[in-house]
Amino acid sequence: MYCTKCGRENEEGVKFCSHCGAMMEAPSLQSGPPDVPEQSEVFAQPETAEQPEVSVQPEASEQPEVSVQPEASVQPETPEQSETQEQPKATEQPWMTSQPNVVEQSWMGGQTVGAATVQMPNVAQINVPPVQMPQAAQTNVPPVQMGQMPPMQGQAPMQGGQMPPMAGSMQSGQMPQVGQPPVQNGQMPPMGQVPMQGGQVPPMGQMPMQGGQMPPMGQMPMQGGQVPPMNGQRPSMPYSAVPPANPMQKKGNGAVKVILGIIIALLVVGIGAVAFLFVNKNSQEKKLQNQLGTAAGYMADGSYEEAIAAYLEILEKNPENSEAIDGLTDTYIKWAERYAKDENYEEAISILQGADDHAKSKTIKKKISEYEDALAAMNQKGFTDADLVFRKDTYELTIELNHAFIVRPSGSYYTSYADASYDYDEYGEYETNRGLKLGDSLEDYLKLYEVEQGYSAWELYSGDNNEYTSFAAYEGQLPSDMYESYNNVWLDIGFSKENGEWRALTDVEIKETWFCDAPLYDYEEVVIFAVNFDKQGEVSGLSLEHFTYDEGWVEWQAWDDGSGSGSGDNGNGDFGYTGNKEEFTDEDLYFNNGTDWVEVSLNHSFIVYSNGSQILSYADADYATSEDLYKTNRGLEIGMQLEDYRELYSVEPGYAVWELFRGENNEYTSFAEYTGQSPADMYDGTYNNAWLDIGFCKENGEWRAMLDYEVRDTWFCDADLDDYEEVVVFAVNLDQWGEVRGLSLEHFSYDDGWVDWQGWAN
């Protein structure tokens with residue numbers, strides 16, 4: 001027997017299918033399917049009066065049994081059928097192609113029809129299409145023949161003059177359920193199928209079995225053991241096509257498709273989002289790199305405020321960006337270095353203290369500490385009013401103007417230049433405010449007061465009673481070296497107060513003020529601090545002279561009237577160079593090219609380069625050029641070396657200064673102290689161009705050498721106007737190998753006109 005659910009064969013008498021587990025309660029199928037009646041002629045449409053009434057149904061007991069139905073191959077004829085043409089076979093009926101498919105129902109559930117209880121399909125398991133009531137025959141439906149109604153859609157033709165039930169028959173005076181077959185023998189046949197034959201139910205959605213075999217599902221039954229050819233199309237069948245046996249499986253496939261669709265959609269959205277983020281990230285990264293490049297460009301050009309603003313704009317959106325943090329930190333440091341190179345440490349410290357919090361605090365603090373130490377060293381090197389104080393235990397003594405204080409192992413005394421009076425203290429072993437005292441070494445003195453060459457001079461005594469004194473340049477000699485020719489040696493430094501500020505005196509100025517060789521009124525007040533050493537280099541005396549450089553000082557120093565050897569210009573007292581003491585004359589305003597001479601008159605400049613020469617007027621910016629290469633009246637010319645310049649013009653520390661340029665177009669200029677460096681030291685990557693300048697000013701018709709800071713102050717217009725009648729700044733351009741490649745002489749009045757001309761230097 002076959003399972004009514006899965007259609008597979010089981011042993012006779014089993015109650016449950018061994019394949020799917022369904023109940024096997026239905027009676028066995030008949031040995032073969034009923035034959036499909038042949039129709040030889042197309043039925044003529046009967047008159048309406050001859051059509052049997054559908055409302056009158058026979059009793060269930062009077063229904064013809066399926067087992068005695070005539071064979072499908074022979075259809076009983078009526079008198080009228082003989083006169084009609086032969087009907088086509090069932091497989092050739094054209095009206096079947098347009099019939100709707102009827103979904104069959106499985107025997108599940110139950111419903112009472114009349115007095116009998118039948119099994120009804122489980123609607124929750126099978127999708128049942130809407131029930132359609134019978135309608136008038138379509139134009140393509142054959143007419144009623146012999147008083148019989150042609151087959152309804154999806155039903156077998158009438159047999160024995162009986163019209164098959166229309167979607168169910170009335171029994172016991174009751175209307176059968178719409179869309180269901182009539183009840184036969186107390187049982188309802190499957191919906192949408194032919195009535196049961198022999199009490200057996202054919203498999204749902206298939207033709208009845210032939211010879212005990214179930215034909216392939218969805219095909220016509222085999223005839224003679226052959227399956228009719230499909231010819232690429234499903235053949236017309238008298239039974240309606242049915243959906244798959246397991247509709248829930250079809251529904252499940254749809255759910256899988258929906259889930260797959262959702263997953264694919266999510267993947268597409270995810271891929272799009274990732275692509276968007278990737279593109280957006282690349283765009284942001286490119287914008288960030290452009291901003292970093294802009295900020296770095298500002299820093300390289302020296303536009304530090306613009307660079308800081310650019311870096312802060314980046315850090316506002318990217319506070320953890322390491323490149324911006326490093327750039328911001330470097331910008332603050334380079335900005336501070338601009339001022340530190342000119343020893344303006346106060347401004348450098350102020351810039352760093354105002355650094356934004358995004359800058360590296362450790363690096364900034366370290367640089368601030370470095371500049372604070374440099375400032376302290378500079379202040380220590382510089383003289384202040386506090387350095388006029390000497391101490392002994394808790395007692396302090398301030399050296400007033402026009403007084404001197406001398407400390408010896410035997411005692412100390414304080415003297416006045418006004419009346420030559422003095423106070424003596426035999427226990428007065430005082431020390432300076434910086435802590436220098438008797439018994440200290442030369443190294444202590446050099447460290448506490450930063451004694452340097454060019455700003456310190458040996459004060460030397462000779463004779464039986466040390467009646468002869470002279471000066472010599474300090475070049476790092478030891479006291480023992482000086483005692484080879486002298487009886488007593490002191491190492492002096494000096495300071496002068498100008499406009500309320502103290503500045504260090506050069507060694508030449510120390511000698512000139514001591515010997516009263518400098519013009520009077522050149523200095524407001526002067527301090528000469530001298531330390532006496534023995535042959536072993538131990539401090540054996542301290543002396544501080546505080547005086548006004550005027551006639552009173554000259555009178556006090558009358559013992560040195562310049563008539564004897566004490567004039568300071570003999571023996572080892574010679575400084576070893578004439579340097580900046582060598583007078584500048586009007587002849588030094590001339591340049592020549594063979595027999596052609598050019599004078600650089602007041603408020604003009606003359607510049608010589610390797611490609612020619614040019615003279616320029618400050619008054620109207622008018623200039624004239626020449627291809628000739630001129631040289632100075634002393635013979636300095638293009639192609640010579642630094643040694644030639646130093647020899648011809650006696651270039652020495654204290655009177656020469658580096659003029660340095662940087663920037664892409666050399667737009668930034670600054671000055672640095674000349675301490676004997678070579679040009680290669682200045683071309684260390686910070687500066688693009690280096691000049692070594694000296695200067696002279698005319699006072700009362702006489703030229704004198706200017707100190708290095710005076711050259712700087714006049715060039716930058718930092719000195720007070722009317723301090724100088726006229727000024728000459730002579731500058732030599734040197735390459736990193738020390739070769740002369742440019743000459744420049746600026747001859748100007750230091751007045752408002754010069755300040756206006758130098759407006760770019762602001």
# chains A, B, ... in the order shown; residues from 1 in each chain; ligands from 1

$ select_by_dssp --residues "segment 607-658 of chain A" --states "alpha helix (DSSP H)" --output "ChimeraX atom specification"
/A:642-649

$ select_by_dssp --residues "segment 583-747 of chain A" --states "strand (DSSP E or B)" --output "PyMOL selection string"
chain A and resi 590-593+596-599+604-609+612-617+623-626+631-632+641+657-662+668-673+689-699+702-705+726-734+739-747

$ closest_residue --among "A:Leu505, A:Ala300, A:Leu315, A:Ile349" --to "Thr331 of chain A" --atoms "only C-alpha atoms"
A:Ala300

$ atom_distance --atom1 "atom CA of Ala273 of chain A" --atom2 "atom CA of Leu292 of chain A"
28.1 Å

$ residues_around --residues "Glu370 of chain A" --least-positions-apart "4" --cutoff "12 Å" --atoms "only C-alpha atoms" --output "list of chain:residue names"
A:Ile333, A:Ala336, A:Glu337, A:Ala340, A:Tyr345, A:Glu346, A:Ala348, A:Ile349, A:Leu352, A:Thr363, A:Ile364, A:Lys365, A:Lys366, A:Ala374, A:Leu375, A:Ala376, A:Ala377

$ write_last_selection --atoms "C-alpha atoms" --output "PDB file, in the first residue's frame"
ATOM      1  CA  ILE A 333      62.059  77.489  20.449  1.00  0.00           C
ATOM      2  CA  ALA A 336      63.032  82.428  21.246  1.00  0.00           C
ATOM      3  CA  GLU A 337      66.410  81.713  19.649  1.00  0.00           C
ATOM      4  CA  ALA A 340      68.671  84.736  22.455  1.00  0.00           C
ATOM      5  CA  TYR A 345      67.211  86.448  27.049  1.00  0.00           C
ATOM      6  CA  GLU A 346      64.364  88.262  28.787  1.00  0.00           C
ATOM      7  CA  ALA A 348      63.300  84.720  24.739  1.00  0.00           C
ATOM      8  CA  ILE A 349      62.118  83.551  28.154  1.00  0.00           C
ATOM      9  CA  LEU A 352      58.637  80.385  25.939  1.00  0.00           C
ATOM     10  CA  THR A 363      61.264  70.726  26.178  1.00  0.00           C
ATOM     11  CA  ILE A 364      59.977  74.259  26.781  1.00  0.00           C
ATOM     12  CA  LYS A 365      60.917  74.214  30.466  1.00  0.00           C
ATOM     13  CA  LYS A 366      64.390  72.911  29.662  1.00  0.00           C
ATOM     14  CA  ALA A 374      72.465  82.439  30.327  1.00  0.00           C
ATOM     15  CA  LEU A 375      70.688  85.534  31.633  1.00  0.00           C
ATOM     16  CA  ALA A 376      72.137  84.992  35.068  1.00  0.00           C
ATOM     17  CA  ALA A 377      75.607  84.555  33.579  1.00  0.00           C
TER      18      ALA A 377
END

$ residues_around --residues "Glu484 of chain A" --least-positions-apart "2" --cutoff "12 Å" --atoms "only C-alpha atoms" --output "VMD selection string"
chain A and resid 460 to 462 477 to 482 486 to 489 535 572

$ residues_around --residues "segment 437-452 of chain A" --least-positions-apart "4" --cutoff "6 Å" --atoms "only C-alpha atoms" --output "PDB file with N, CA and C atoms, in the first residue's frame"
ATOM      1  N   LYS A 381      78.198  88.671  34.499  1.00  0.00           N
ATOM      2  CA  LYS A 381      79.271  89.301  33.735  1.00  0.00           C
ATOM      3  C   LYS A 381      79.085  90.810  33.725  1.00  0.00           C
ATOM      4  N   GLU A 431      85.253  90.525  51.444  1.00  0.00           N
ATOM      5  CA  GLU A 431      85.081  89.817  50.174  1.00  0.00           C
ATOM      6  C   GLU A 431      84.056  90.563  49.326  1.00  0.00           C
ATOM      7  N   GLY A 537      99.530  82.240  41.651  1.00  0.00           N
ATOM      8  CA  GLY A 537      98.182  82.448  41.133  1.00  0.00           C
ATOM      9  C   GLY A 537      97.133  82.574  42.200  1.00  0.00           C
ATOM     10  N   GLU A 538      97.542  82.850  43.477  1.00  0.00           N
ATOM     11  CA  GLU A 538      96.584  83.020  44.563  1.00  0.00           C
ATOM     12  C   GLU A 538      96.231  84.486  44.728  1.00  0.00           C
ATOM     13  N   VAL A 539      94.964  84.753  45.038  1.00  0.00           N
ATOM     14  CA  VAL A 539      94.510  86.127  45.205  1.00  0.00           C
ATOM     15  C   VAL A 539      95.175  86.709  46.466  1.00  0.00           C
ATOM     16  N   SER A 540      95.921  87.822  46.251  1.00  0.00           N
ATOM     17  CA  SER A 540      96.610  88.477  47.365  1.00  0.00           C
ATOM     18  C   SER A 540      96.124  89.900  47.593  1.00  0.00           C
TER      19      SER A 540
END

$ residues_around --residues "Leu491 of chain A" --least-positions-apart "4" --cutoff "9 Å" --atoms "only C-alpha atoms" --output "JSON, numbers by chain"
{"A": [456, 457, 458, 459, 460, 474, 479, 529, 530, 531, 532, 533]}
